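Engineer: Encoded as structure tokens, here's the structure I'll be asking about.
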Amino acid sequence: MSGNATHRFTNTAVLAVQTADASQVISSDAFDEALADTYRRVGLRPGLLERLAGIRERRWWADGVTFVDGAATAGAKAVSESGVDPAAIGLMVNTSVSRKHLEPSTAVAVHHALGLPRSCQNFDVTNACLGFVNGMELAAAMIDSGMVEYALVVNGEDSRPVQERTIERLNGPGTVSKDVLAQFATLTLGSGAAAMVLGRADEHPEGHRLVGSASRAGSEHHELCVGDNDLMRTDLKGLLDAGLALSADLWVDAAADFDWAGGMDRYIVHQVSKVHTQAMCDRFSIDPALVPTTFPTRGNLGPASVPFTLADRQDSLVDGDRVLLMGIGSGLNASCLEIAW
């Protein structure tokens with residue numbers, strides 16, 4: 001291994017990965033219509049979301065349905081598919097960026113909704129859009145060590161509150177084009193949920209073994225994208241350039257231990273936009289045909305985007321396929337994790 005953040009797993013497998021889809025379809029045309037007066041006043045053309053980002057639509061949860069409900073629904077589906085007795089789950093990690101309260105953790109609400117046992121340790125792991133991959137790494141480390149036999153990683157995201165507030169703010173009389181561009185990434189977000197059950201590979205030959213992972217930090221870029229439930233401001237070009245540079249460093253460092261550059265059957269990349277996806281493929285010489293996308297109809301689902309895309313395309317995978325999860329989170333942090341399907 002080439003460093004503390006490069007690791008091989010010994011006995012962990014993915015047993016199930018499932019999603020919960022938000023039900024309300026919100027088109028990019030609808031956002032353009034809501035911002036039409038502002039676009040005219042500041043001299044911007046409508047259609048940026050679809051033309052530049054490649055996002056036609058995204059989802060919002062129905063009234064009365066929360067991101068916790070979504071995470072719990074995805075979790076219940078994953079547990080059911082895995083065949084694991086819920087009483088045997090020793091760890092539940094919630095990785096949602098979305099949260100209603102600073103305290104308590106979102107994990108306790110999901111744990112309660114799922115009816116998991118008192119013996120199931122539960123907590124939040126948040127690391128922007130990288131959180132789910134980090135949750136998988138932590139769960140695998142605890143399974144490999146023998147601390148738990150089964151783990152459930154969940155995520156639920158709700159883009160509606162910040163998008164509604166952003167549209168209202170951008171329609172204010174003082175808005176200039178710089179404000180629209182700084183808050184553009186907010187409008188690319190989507191709502192949805194995903195969950196994964198992991199267990200001991202030696203007890204589940206039908207599972208999909210975790211091979212190894214590598215992570216690198218570029219925290220000098222922690223101010224390029226900063227957000228809360230009311231406002232998110234992003235330096236789009238700065239974040240893209242810094243993210244690609246950090247990922248390239250990780251790619252070079254990981255080459256001593258993993259042959260990811262040439263031998264993968266599928267690359268599950270964090271879903272941001274068509275610009276980001278094409279830039280990743282170009283930088284790492286990845287065939288775009290091996291990179292499935294969900295952002296055109298779901299937007300950027302934050303930490304849920306990688307497992308959501310994996311779940312969406314899992315039926316196209318066959319035994320022996322090598323799958324590389326490629327996550328990056330504002331801050332910046334980047335991780336790649338290989339699964340032997």
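Letters A, B, ... go to the chains of the structure tokens in the order shown; residues in each chain start at 1; ligands are counted from 1 in the same order.
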DSSP on the backbone, then: every residue of region 57-256 of chain A marked helix (DSSP H, G or I), written as a ChimeraX atom specification.
Structural biologist: /A:67-82,86-88,106-114,131-144,160-170,177-182,184-188,201-203,219-221,236-254
Engineer: Set the distance at 12 Å and use only C-alpha atoms: which residues neighbour Phe132 (chain A) once local chain neighbours fewer than 3 positions away are removed? I'd like the list as an MDAnalysis selection string.
Structural biologist: chainID A and resid 17 92:97 124:129 135:139 152:157 193:196 270 301:308 325:329 334:337
Engineer: Of the candidates A:Pro117, A:Ala245, A:Asn300, A:Tyr150, which shows the shortest atom-to-atom distance to Arg59 (chain A), using only C-alpha atoms?
Structural biologist: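 Selected residue with least distance to Arg59 (chain A): A:Asn300.
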Engineer: Restricting the calculation to only C-alpha atoms, which member of A:Asp321, A:Asp282, A:Asp85, A:Asp315 is positioned closest to His208 (chain A)?
Structural biologist: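 When distances to His208 (chain A) are compared using only C-alpha atoms, the smallest one comes from A:Asp321.
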Engineer: Let me make sure I understand: among A:Thr175, A:Ser247, A:Thr166, A:Thr188, which one has the smallest atom-to-atom distance to Leu231 (chain A) if we use only C-alpha atoms?
Structural biologist: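 Using only C-alpha atoms, the shortest distance to Leu231 (chain A) belongs to A:Thr166.
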Engineer: Leaving out Val25 (chain A) and any residue of its chain fewer than 4 positions from it, which residues lie within 10 Å of it when counting only C-alpha atoms, given as a ChimeraX atom specification?
Structural biologist: /A:57-62,190-191,297-298
Engineer: Would you give me, as JSON, numbers by chain, the residues in region 88-139 of chain A that DSSP reads as strand (DSSP E or B)?
Structural biologist: {"A": [89, 90, 91, 92, 93, 94, 121, 122, 123, 124, 127, 129]}
Engineer: Choose the residue, out of A:Met147, A:Thr234, A:Lys100, A:Val133, that has the smallest atom-to-atom separation from Leu324 (chain A); count only C-alpha atoms.
Structural biologist: A:Val133
Engineer: Residues within 10 Å of Ala279 (chain A), please, as a list in words. Count only C-alpha atoms; anything in the same chain fewer than 5 positions from it doesn't count.
Structural biologist: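 Contacts, in chain order: Leu240, Asp241, Leu244, Ser273, Lys274, Phe284, Ser285 and Ile286 of chain A.
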Engineer: How many Å separate CA of Leu246 (chain A) from CA of Glu220 (chain A)?
Structural biologist: 11.0 Å
Engineer: Could you please determine the separation between CA of Leu236 (chain A) and CA of Leu102 (chain A) in Å, to one decimal place?
Structural biologist: 27.7 Å
Engineer: What gap, in Å, lies between CA of Ser27 (chain A) and CA of Pro288 (chain A)?
Structural biologist: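 Computed distance, CA of Ser27 (chain A) to CA of Pro288 (chain A), equals 25.0 Å.
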Engineer: Considering only C-alpha atoms, return as a ChimeraX atom specification whatever protein or nucleic-acid residues lie within 8 Å of Leu35 (chain A), sequence-local ones (same chain, fewer than 5 positions apart) excluded.
Structural biologist: /A:167,170-171
Engineer: Name all residues at most 7 Å from Ile339 (chain A) (count only C-alpha atoms; drop same-chain ones fewer than 6 positions away) and give them as a PyMOL selection string.
Structural biologist: chain A and resi 208-211+322-324
